[in-house]
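Engineer: Below is run-v8.pdb; it holds PDB, C-alpha atoms.
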ATOM      1  CA  MET L1030      30.836  -7.099 -27.569
ATOM      2  CA  THR L1031      27.190  -8.102 -27.855
ATOM      3  CA  LEU L1032      23.880  -6.850 -26.494
ATOM      4  CA  SER L1033      23.881  -8.089 -22.880
ATOM      5  CA  LEU L1034      21.615  -5.705 -20.959
ATOM      6  CA  VAL L1035      18.240  -4.058 -21.580
ATOM      7  CA  VAL L1036      17.000  -1.482 -19.047
ATOM      8  CA  PRO L1037      13.312  -0.536 -19.305
ATOM      9  CA  ILE L1038      12.794   2.786 -17.494
ATOM     10  CA  PHE L1039       9.203   3.711 -16.689
ATOM     11  CA  GLY L1040       7.419   6.036 -14.282
ATOM     12  CA  PRO L1041       5.041   9.005 -14.080
ATOM     13  CA  PRO L1042       5.387  12.041 -16.357
ATOM     14  CA  ALA L1043       8.013  14.555 -15.168
ATOM     15  CA  ALA L1044       9.742  11.986 -12.956
ATOM     16  CA  GLY L1045      12.983  12.486 -14.907
ATOM     17  CA  LYS L1046      13.105   9.397 -17.123
ATOM     18  CA  THR L1047      14.580  11.147 -20.159
ATOM     19  CA  THR L1048      17.060  13.151 -18.079
ATOM     20  CA  LEU L1049      18.122   9.952 -16.339
ATOM     21  CA  THR L1050      18.760   8.080 -19.597
ATOM     22  CA  LEU L1051      20.761  11.015 -20.938
ATOM     23  CA  ARG L1052      22.908  11.042 -17.774
ATOM     24  CA  LEU L1053      23.543   7.303 -18.128
ATOM     25  CA  GLN L1054      24.397   7.350 -21.828
ATOM     26  CA  THR L1055      27.984   6.280 -22.526
ATOM     27  CA  PRO L1056      29.761   4.536 -25.422
ATOM     28  CA  GLY L1057      28.177   1.127 -25.805
ATOM     29  CA  ARG L1058      24.843   2.265 -24.359
ATOM     30  CA  ARG L1059      22.057   3.270 -26.698
ATOM     31  CA  ILE L1060      18.769   5.000 -25.819
ATOM     32  CA  PHE L1061      15.511   3.693 -27.299
ATOM     33  CA  ARG L1062      12.568   6.091 -27.587
ATOM     34  CA  LEU L1063       9.560   4.525 -29.260
ATOM     35  CA  ARG L1064       8.300   7.629 -31.076
ATOM     36  CA  GLU L1065      11.638   8.045 -32.859
ATOM     37  CA  HIS L1066      11.040   4.761 -34.712
ATOM     38  CA  VAL L1067       7.339   5.108 -35.496
ATOM     39  CA  PRO L1068       6.064   6.264 -38.918
ATOM     40  CA  LYS L1069       5.285   9.953 -39.020
ATOM     41  CA  GLU L1070       1.651   9.444 -40.000
ATOM     42  CA  VAL L1071       1.065   7.193 -36.965
ATOM     43  CA  LEU L1072       2.507   9.818 -34.628
ATOM     44  CA  ALA L1073       0.432  12.541 -36.233
ATOM     45  CA  ALA L1074      -2.763  10.541 -35.656
ATOM     46  CA  THR L1075      -2.019  10.130 -31.950
ATOM     47  CA  ALA L1076      -1.179  13.806 -31.493
ATOM     48  CA  THR L1077      -4.591  14.964 -32.689
ATOM     49  CA  SER L1078      -6.523  12.660 -30.330
ATOM     50  CA  SER L1079      -6.978  13.725 -26.709
ATOM     51  CA  GLU L1080      -7.960  10.152 -25.847
ATOM     52  CA  ARG L1081      -4.846   8.505 -27.271
ATOM     53  CA  LEU L1082      -2.356  10.965 -25.712
ATOM     54  CA  GLY L1083       0.367   9.808 -28.057
ATOM     55  CA  TRP L1084      -0.455   6.121 -27.590
ATOM     56  CA  ILE L1085       0.908   3.856 -30.340
ATOM     57  CA  ASP L1086      -1.052   0.798 -31.479
ATOM     58  CA  GLU L1087       0.257  -2.664 -30.555
ATOM     59  CA  PHE L1088       0.914  -3.766 -34.135
ATOM     60  CA  THR L1089       3.229  -0.818 -34.724
ATOM     61  CA  VAL L1090       4.950  -1.321 -31.363
ATOM     62  CA  GLY L1091       5.613  -4.982 -32.073
ATOM     63  CA  ASP L1092       7.032  -4.236 -35.506
ATOM     64  CA  VAL L1093       9.302  -1.497 -34.121
ATOM     65  CA  LEU L1094      10.601  -3.702 -31.292
ATOM     66  CA  ARG L1095      11.461  -6.592 -33.583
ATOM     67  CA  SER L1096      13.361  -4.525 -36.134
ATOM     68  CA  TYR L1097      15.126  -2.389 -33.519
ATOM     69  CA  PHE L1098      16.398  -5.193 -31.300
ATOM     70  CA  VAL L1099      17.435  -7.469 -34.142
ATOM     71  CA  ALA L1100      19.595  -4.627 -35.464
ATOM     72  CA  ALA L1101      20.945  -3.768 -31.993
ATOM     73  CA  HIS L1102      21.775  -7.417 -31.318
ATOM     74  CA  GLU L1103      23.823  -7.555 -34.505
ATOM     75  CA  ASP L1104      25.673  -4.299 -33.711
ATOM     76  CA  SER L1105      28.963  -5.194 -32.019
ATOM     77  CA  ALA L1106      29.313  -1.646 -30.661
ATOM     78  CA  VAL L1107      26.216  -1.925 -28.433
ATOM     79  CA  HIS L1108      26.086  -3.783 -25.121
ATOM     80  CA  THR L1109      23.248  -1.944 -23.321
ATOM     81  CA  ILE L1110      19.898  -0.494 -24.377
ATOM     82  CA  LEU L1111      18.173   2.068 -22.120
ATOM     83  CA  LEU L1112      14.430   2.226 -22.815
ATOM     84  CA  ASP L1113      13.230   5.780 -22.163
ATOM     85  CA  ASN L1114       9.598   5.664 -20.946
ATOM     86  CA  PHE L1115       8.964   2.137 -22.157
ATOM     87  CA  PRO L1116       7.037  -0.073 -21.657
ATOM     88  CA  GLY L1117       3.906   1.937 -20.983
ATOM     89  CA  SER L1118       1.461  -0.914 -20.390
ATOM     90  CA  ALA L1119       1.255  -4.586 -19.430
ATOM     91  CA  SER L1120       0.779  -5.570 -23.073
ATOM     92  CA  GLN L1121       3.937  -3.684 -24.029
ATOM     93  CA  VAL L1122       5.821  -5.605 -21.324
ATOM     94  CA  ASP L1123       4.662  -8.832 -22.980
ATOM     95  CA  GLN L1124       5.717  -7.564 -26.403
ATOM     96  CA  LEU L1125       9.130  -6.511 -25.110
ATOM     97  CA  LEU L1126       9.835  -9.804 -23.342
ATOM     98  CA  ALA L1127       8.658 -11.860 -26.299
ATOM     99  CA  THR L1128      11.011  -9.907 -28.569
ATOM    100  CA  LEU L1129      14.050 -10.157 -26.276
ATOM    101  CA  TRP L1130      13.590 -13.856 -25.585
ATOM    102  CA  THR L1131      13.889 -14.613 -29.300
ATOM    103  CA  LEU L1132      17.449 -13.259 -29.305
ATOM    104  CA  THR L1133      20.342 -15.673 -28.805
ATOM    105  CA  PRO L1134      21.801 -15.134 -26.306
ATOM    106  CA  SER L1135      18.964 -13.256 -24.633
ATOM    107  CA  PRO L1136      20.063 -10.078 -22.835
ATOM    108  CA  HIS L1137      19.565  -9.567 -19.107
ATOM    109  CA  ILE L1138      16.533  -7.365 -18.342
ATOM    110  CA  GLU L1139      16.770  -4.821 -15.514
ATOM    111  CA  PRO L1140      13.543  -2.764 -15.270
ATOM    112  CA  ILE L1141      13.663   0.502 -13.309
ATOM    113  CA  GLU L1142      10.594   2.316 -12.012
ATOM    114  CA  VAL L1143      11.353   5.996 -11.431
ATOM    115  CA  LEU L1144       9.405   7.425  -8.484
ATOM    116  CA  THR L1145       8.877  11.062  -7.463
ATOM    117  CA  ASP L1146       6.421  12.708  -5.083
ATOM    118  CA  ALA L1147       3.347  14.449  -6.521
ATOM    119  CA  ARG L1148       4.468  17.957  -5.565
ATOM    120  CA  THR L1149       7.802  17.591  -7.374
ATOM    121  CA  LEU L1150       6.117  16.162 -10.461
ATOM    122  CA  LYS L1151       3.831  19.172 -10.756
ATOM    123  CA  GLN L1152       6.678  21.618 -10.184
ATOM    124  CA  ARG L1153       8.855  20.013 -12.862
ATOM    125  CA  ALA L1154       5.980  19.977 -15.330
ATOM    126  CA  LYS L1155       5.478  23.713 -14.805
ATOM    127  CA  THR L1156       9.112  24.651 -15.320
ATOM    128  CA  ARG L1157      10.634  22.302 -17.901
ATOM    129  CA  LYS L1158      11.068  23.564 -21.443
ATOM    130  CA  VAL L1159      11.887  22.209 -24.889
ATOM    131  CA  CYS L1160      13.755  23.582 -27.893
ATOM    132  CA  HIS L1161      12.087  23.303 -31.294
ATOM    133  CA  ARG L1162      15.340  24.112 -33.071
ATOM    134  CA  CYS L1163      17.586  21.530 -31.362
ATOM    135  CA  GLU L1164      15.142  18.646 -31.244
ATOM    136  CA  ARG L1165      13.956  17.603 -34.690
ATOM    137  CA  ASP L1166      10.835  15.767 -33.576
ATOM    138  CA  PRO L1167       9.094  13.867 -36.417
ATOM    139  CA  ILE L1168       5.863  15.879 -35.987
ATOM    140  CA  SER L1169       7.356  19.068 -34.467
ATOM    141  CA  ASP L1170       6.276  18.129 -30.949
ATOM    142  CA  PRO L1171       9.590  18.140 -29.026
ATOM    143  CA  ARG L1172       9.855  16.122 -25.806
ATOM    144  CA  LEU L1173      13.500  16.210 -24.729
ATOM    145  CA  PRO L1174      14.296  18.590 -21.841
ATOM    146  CA  ALA L1175      16.267  21.627 -22.977
ATOM    147  CA  VAL L1176      19.005  23.340 -20.970
ATOM    148  CA  PRO L1177      18.349  27.093 -20.536
ATOM    149  CA  ALA L1178      21.092  29.687 -20.763
ATOM    150  CA  ASP L1179      22.566  30.917 -17.484
ATOM    151  CA  ASP L1180      21.348  34.475 -18.010
ATOM    152  CA  ASP L1181      17.978  33.754 -19.659
ATOM    153  CA  PRO L1182      15.645  30.888 -18.649
ATOM    154  CA  TRP L1183      13.842  31.103 -22.022
ATOM    155  CA  GLN L1184      16.965  30.878 -24.208
ATOM    156  CA  CYS L1185      18.490  27.545 -25.221
ATOM    157  CA  ALA L1186      22.018  27.168 -23.901
ATOM    158  CA  HIS L1187      22.946  25.034 -26.917
ATOM    159  CA  CYS L1188      21.649  26.959 -29.932
ATOM    160  CA  GLY L1189      20.475  30.283 -28.495
ATOM    161  CA  GLY L1190      16.938  29.709 -29.748
ATOM    162  CA  LEU L1191      13.731  30.437 -27.892
ATOM    163  CA  LEU L1192      12.549  27.750 -25.479
ATOM    164  CA  HIS L1193       8.910  26.734 -25.109
ATOM    165  CA  PRO L1194       6.822  24.866 -22.532
ATOM    166  CA  ARG L1195       6.324  21.225 -23.470
ATOM    167  CA  ARG L1196       2.876  20.721 -25.002
ATOM    168  CA  GLY L1197       2.194  17.607 -22.957
ATOM    169  CA  ASP L1198       2.814  19.517 -19.731
ATOM    170  CA  SER L1199      -0.247  21.728 -20.085
ATOM    171  CA  PRO L1200      -2.403  21.183 -16.967
ATOM    172  CA  LEU L1201      -5.121  19.131 -18.664
ATOM    173  CA  LEU L1202      -2.757  16.921 -20.661
ATOM    174  CA  PHE L1203      -0.415  16.432 -17.721
ATOM    175  CA  LYS L1204      -3.305  15.381 -15.484
ATOM    176  CA  ALA L1205      -4.484  12.880 -18.107
ATOM    177  CA  ARG L1206      -0.983  11.472 -18.605
ATOM    178  CA  LEU L1207      -0.485  11.106 -14.850
ATOM    179  CA  GLN L1208      -3.832   9.352 -14.512
ATOM    180  CA  ARG L1209      -2.952   6.947 -17.303
ATOM    181  CA  TYR L1210       0.326   6.082 -15.583
ATOM    182  CA  HIS L1211      -1.445   5.288 -12.313
ATOM    183  CA  GLN L1212      -3.869   3.070 -14.217
ATOM    184  CA  THR L1213      -1.113   1.091 -15.952
ATOM    185  CA  ALA L1214       1.753   1.019 -13.418
ATOM    186  CA  ALA L1215       0.571  -2.047 -11.501
ATOM    187  CA  GLY L1216       0.165  -3.998 -14.737
ATOM    188  CA  ILE L1217       3.667  -3.047 -15.879
ATOM    189  CA  ARG L1218       5.197  -4.194 -12.583
ATOM    190  CA  ALA L1219       3.209  -7.431 -12.655
ATOM    191  CA  GLY L1220       4.217  -8.108 -16.248
ATOM    192  CA  PHE L1221       7.863  -8.206 -15.181
ATOM    193  CA  THR L1222       7.532  -9.846 -11.759
ATOM    194  CA  ASP L1223       5.235 -12.593 -13.054
ATOM    195  CA  SER L1224       8.036 -13.471 -15.465
ATOM    196  CA  GLY L1225      10.566 -13.651 -12.636
ATOM    197  CA  ILE L1226      12.112 -10.240 -13.337
ATOM    198  CA  THR L1227      12.650  -7.904 -10.382
ATOM    199  CA  VAL L1228      11.658  -4.255 -10.762
ATOM    200  CA  THR L1229      13.974  -1.781  -9.014
ATOM    201  CA  ALA L1230      12.433   1.416  -7.619
ATOM    202  CA  LEU L1231      14.544   4.556  -8.009
ATOM    203  CA  ASP L1232      13.585   7.783  -6.229
ATOM    204  CA  THR L1233      14.369  10.956  -8.202
ATOM    205  CA  THR L1234      12.540  13.404  -5.913
ATOM    206  CA  ASN L1235      15.633  15.150  -4.590
ATOM    207  CA  THR L1236      18.008  14.895  -7.533
ATOM    208  CA  ILE L1237      18.083  13.063 -10.851
ATOM    209  CA  ASP L1238      21.881  13.255 -10.983
ATOM    210  CA  GLY L1239      22.072  11.516  -7.602
ATOM    211  CA  ALA L1240      19.753   8.774  -8.832
ATOM    212  CA  ALA L1241      21.919   8.329 -11.940
ATOM    213  CA  ASN L1242      25.022   7.976  -9.757
ATOM    214  CA  LEU L1243      23.282   5.267  -7.732
ATOM    215  CA  LEU L1244      22.146   3.379 -10.813
ATOM    216  CA  ALA L1245      25.367   3.578 -12.849
ATOM    217  CA  PRO L1246      27.352   0.937 -10.861
ATOM    218  CA  LEU L1247      24.452  -1.522 -11.168
ATOM    219  CA  LEU L1248      24.361  -1.131 -14.947
ATOM    220  CA  ILE L1249      28.125  -1.591 -15.189
ATOM    221  CA  SER L1250      28.046  -4.765 -13.112
ATOM    222  CA  ARG L1251      25.092  -6.207 -15.034
ATOM    223  CA  SER L1252      26.544  -5.509 -18.484
ATOM    224  CA  THR L1253      30.037  -6.793 -17.707
ATOM    225  CA  SER L1254      29.130  -9.902 -15.725
ATOM    226  CA  LEU L1255      26.916 -11.545 -18.333
TER     227      LEU L1255
END
Hey, can you dump this file as structure tokens for me?
Structural biologist:
Amino acid sequence: MTLSLVVPIFGPPAAGKTTLTLRLQTPGRRIFRLREHVPKEVLAATATSSERLGWIDEFTVGDVLRSYFVAAHEDSAVHTILLDNFPGSASQVDQLLATLWTLTPSPHIEPIEVLTDARTLKQRAKTRKVCHRCERDPISDPRLPAVPADDDPWQCAHCGGLLHPRRGDSPLLFKARLQRYHQTAAGIRAGFTDSGITVTALDTTNTIDGAANLLAPLLISRSTSL
């Protein structure tokens, strides 16, 4: 087995990108989240700046991509990489493609743009929660969606700890993150299509599980036919 498929998954905040990657994770598929591979001091600097909104500089991104994909390409247990919320800009598309095209053989690239209507995005941002105990975020700013207990929406079903609203979902931060996505989305699409790579749109408005069920056969066919 060798790395044969890379699936960049991008879209607006609260569209369900992380939930989707978690639903699609199986043996042989690995999830890449940029912040999990970035030095702690770099993350801390982005968290204190309202302008950066967690944005990582291009030098750091390039270094992370090179080291991550070289290691993944050499790992015989991995055939697919799901990129959770990456790339986030046209320049990151260029960095990603440049990195993948240096690998021999180069994996197939299947970008997915997750789409959801504005009303659903706002509703999800208001209701989703995170668990500080379960998710050991490098700078104590958890992002992964937590599952609440059946009898208490503020209790983690996994560890029993107290759940919290996600910091980035506060109205002002969410509005800024959504605006940034709308400013960069066209460039991300163009970065792929100009390189001859088709971007697939996936609607998660009604159900993320349903979207995952639609996408799963495509990923299986792409990873096994290459």
Engineer: Got a sec to resolve the PyMOL selection byres ((chain L and resi 1102-1110) around 7) on this structure and send the residues as a ChimeraX atom specification?
Structural biologist: /L:1030-1036,1057-1061,1098-1101,1111-1112,1252
Engineer: May I have the protein, DNA and RNA residues with an atom at most 12 Å from (14.5, -5.6, -6.1), counting all atoms listed in the file in the file's coordinates, returned as an NGL selection string?
Structural biologist: :L and (1139-1142 or 1218 or 1221-1222 or 1225-1231 or 1247)
Engineer: Report, in Å to a single decimal, how far apart atom CA of Ala1186 of chain L and atom CA of Arg1148 of chain L are.
Structural biologist: 27.0 Å
Engineer: For the structure shown, which residues end up in the PyMOL selection byres ((chain L and resi 1185) around 12)? Put them as a PyMOL selection string, please?
Structural biologist: chain L and resi 1157-1164+1174-1184+1186-1193
Engineer: Figure out the distance between atom CA of Ala1154 of chain L and atom CA of Arg1196 of chain L, please, to one decimal in Å.
Structural biologist: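 Computing the Euclidean distance for atom CA of Arg1196 of chain L and atom CA of Ala1154 of chain L yields 10.2 Å.
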Engineer: Using Å and a single decimal, report how far atom CA of Thr1234 of chain L sits from atom CA of Asp1146 of chain L.
Structural biologist: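 Result for atom CA of Asp1146 of chain L versus atom CA of Thr1234 of chain L: 6.2 Å, one decimal.
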Engineer: Measuring atom to atom with only C-alpha atoms, identify which of L:Thr1149, L:Arg1209, L:Ser1118, L:Leu1248 is nearest to Gln1054 of chain L.
Structural biologist: L:Leu1248
Engineer: Suppose a student applies the PyMOL selection byres ((chain L and resi 1090) around 12) to this structure; what residues should they get, written as a ChimeraX atom specification?
Structural biologist: /L:1062-1068,1071-1072,1084-1089,1091-1097,1115-1118,1120-1125,1128
Engineer: Save the residues we just selected, C-alpha atoms, as a PDB file, in the coordinates of the input?
Structural biologist:
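part-v4.pdb, written as the output of this step:
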ATOM      1  CA  ARG L1062      12.568   6.091 -27.587  1.00  0.00           C
ATOM      2  CA  LEU L1063       9.560   4.525 -29.260  1.00  0.00           C
ATOM      3  CA  ARG L1064       8.300   7.629 -31.076  1.00  0.00           C
ATOM      4  CA  GLU L1065      11.638   8.045 -32.859  1.00  0.00           C
ATOM      5  CA  HIS L1066      11.040   4.761 -34.712  1.00  0.00           C
ATOM      6  CA  VAL L1067       7.339   5.108 -35.496  1.00  0.00           C
ATOM      7  CA  PRO L1068       6.064   6.264 -38.918  1.00  0.00           C
ATOM      8  CA  VAL L1071       1.065   7.193 -36.965  1.00  0.00           C
ATOM      9  CA  LEU L1072       2.507   9.818 -34.628  1.00  0.00           C
ATOM     10  CA  TRP L1084      -0.455   6.121 -27.590  1.00  0.00           C
ATOM     11  CA  ILE L1085       0.908   3.856 -30.340  1.00  0.00           C
ATOM     12  CA  ASP L1086      -1.052   0.798 -31.479  1.00  0.00           C
ATOM     13  CA  GLU L1087       0.257  -2.664 -30.555  1.00  0.00           C
ATOM     14  CA  PHE L1088       0.914  -3.766 -34.135  1.00  0.00           C
ATOM     15  CA  THR L1089       3.229  -0.818 -34.724  1.00  0.00           C
ATOM     16  CA  GLY L1091       5.613  -4.982 -32.073  1.00  0.00           C
ATOM     17  CA  ASP L1092       7.032  -4.236 -35.506  1.00  0.00           C
ATOM     18  CA  VAL L1093       9.302  -1.497 -34.121  1.00  0.00           C
ATOM     19  CA  LEU L1094      10.601  -3.702 -31.292  1.00  0.00           C
ATOM     20  CA  ARG L1095      11.461  -6.592 -33.583  1.00  0.00           C
ATOM     21  CA  SER L1096      13.361  -4.525 -36.134  1.00  0.00           C
ATOM     22  CA  TYR L1097      15.126  -2.389 -33.519  1.00  0.00           C
ATOM     23  CA  PHE L1115       8.964   2.137 -22.157  1.00  0.00           C
ATOM     24  CA  PRO L1116       7.037  -0.073 -21.657  1.00  0.00           C
ATOM     25  CA  GLY L1117       3.906   1.937 -20.983  1.00  0.00           C
ATOM     26  CA  SER L1118       1.461  -0.914 -20.390  1.00  0.00           C
ATOM     27  CA  SER L1120       0.779  -5.570 -23.073  1.00  0.00           C
ATOM     28  CA  GLN L1121       3.937  -3.684 -24.029  1.00  0.00           C
ATOM     29  CA  VAL L1122       5.821  -5.605 -21.324  1.00  0.00           C
ATOM     30  CA  ASP L1123       4.662  -8.832 -22.980  1.00  0.00           C
ATOM     31  CA  GLN L1124       5.717  -7.564 -26.403  1.00  0.00           C
ATOM     32  CA  LEU L1125       9.130  -6.511 -25.110  1.00  0.00           C
ATOM     33  CA  THR L1128      11.011  -9.907 -28.569  1.00  0.00           C
TER      34      THR L1128
END
Engineer: With all atoms listed in the file as the basis for distance, which of L:Ala1119, L:Ser1250, L:Ala1215, L:Leu1244 is at the shortest distance from Leu1053 of chain L?
Structural biologist: L:Leu1244
Engineer: To test the calculation: enclose all listed atoms of segment 1032-1048 of chain L in a box whose edges run along x, y and z, add 6 Å on each side, then state centre and edge lengths in Å to one decimal, as lines of an AutoDock Vina configuration file.
Structural biologist:
center_x = 14.5
center_y = 3.2
center_z = -19.7
size_x = 30.8
size_y = 34.6
size_z = 25.5
Engineer: Go through L:Thr1055, L:Thr1145, L:Thr1133, L:Asn1114 and flag the residue nearest Thr1236 of chain L, using only C-alpha atoms for the distances.
Structural biologist: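 Result for the nearest residue to Thr1236 of chain L: L:Thr1145.
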Engineer: Which of these, L:Ala1147, L:Ile1249, L:Trp1130, L:Ser1135, has the shortest distance to Lys1204 of chain L once you count all atoms listed in the file?
Structural biologist: L:Ala1147
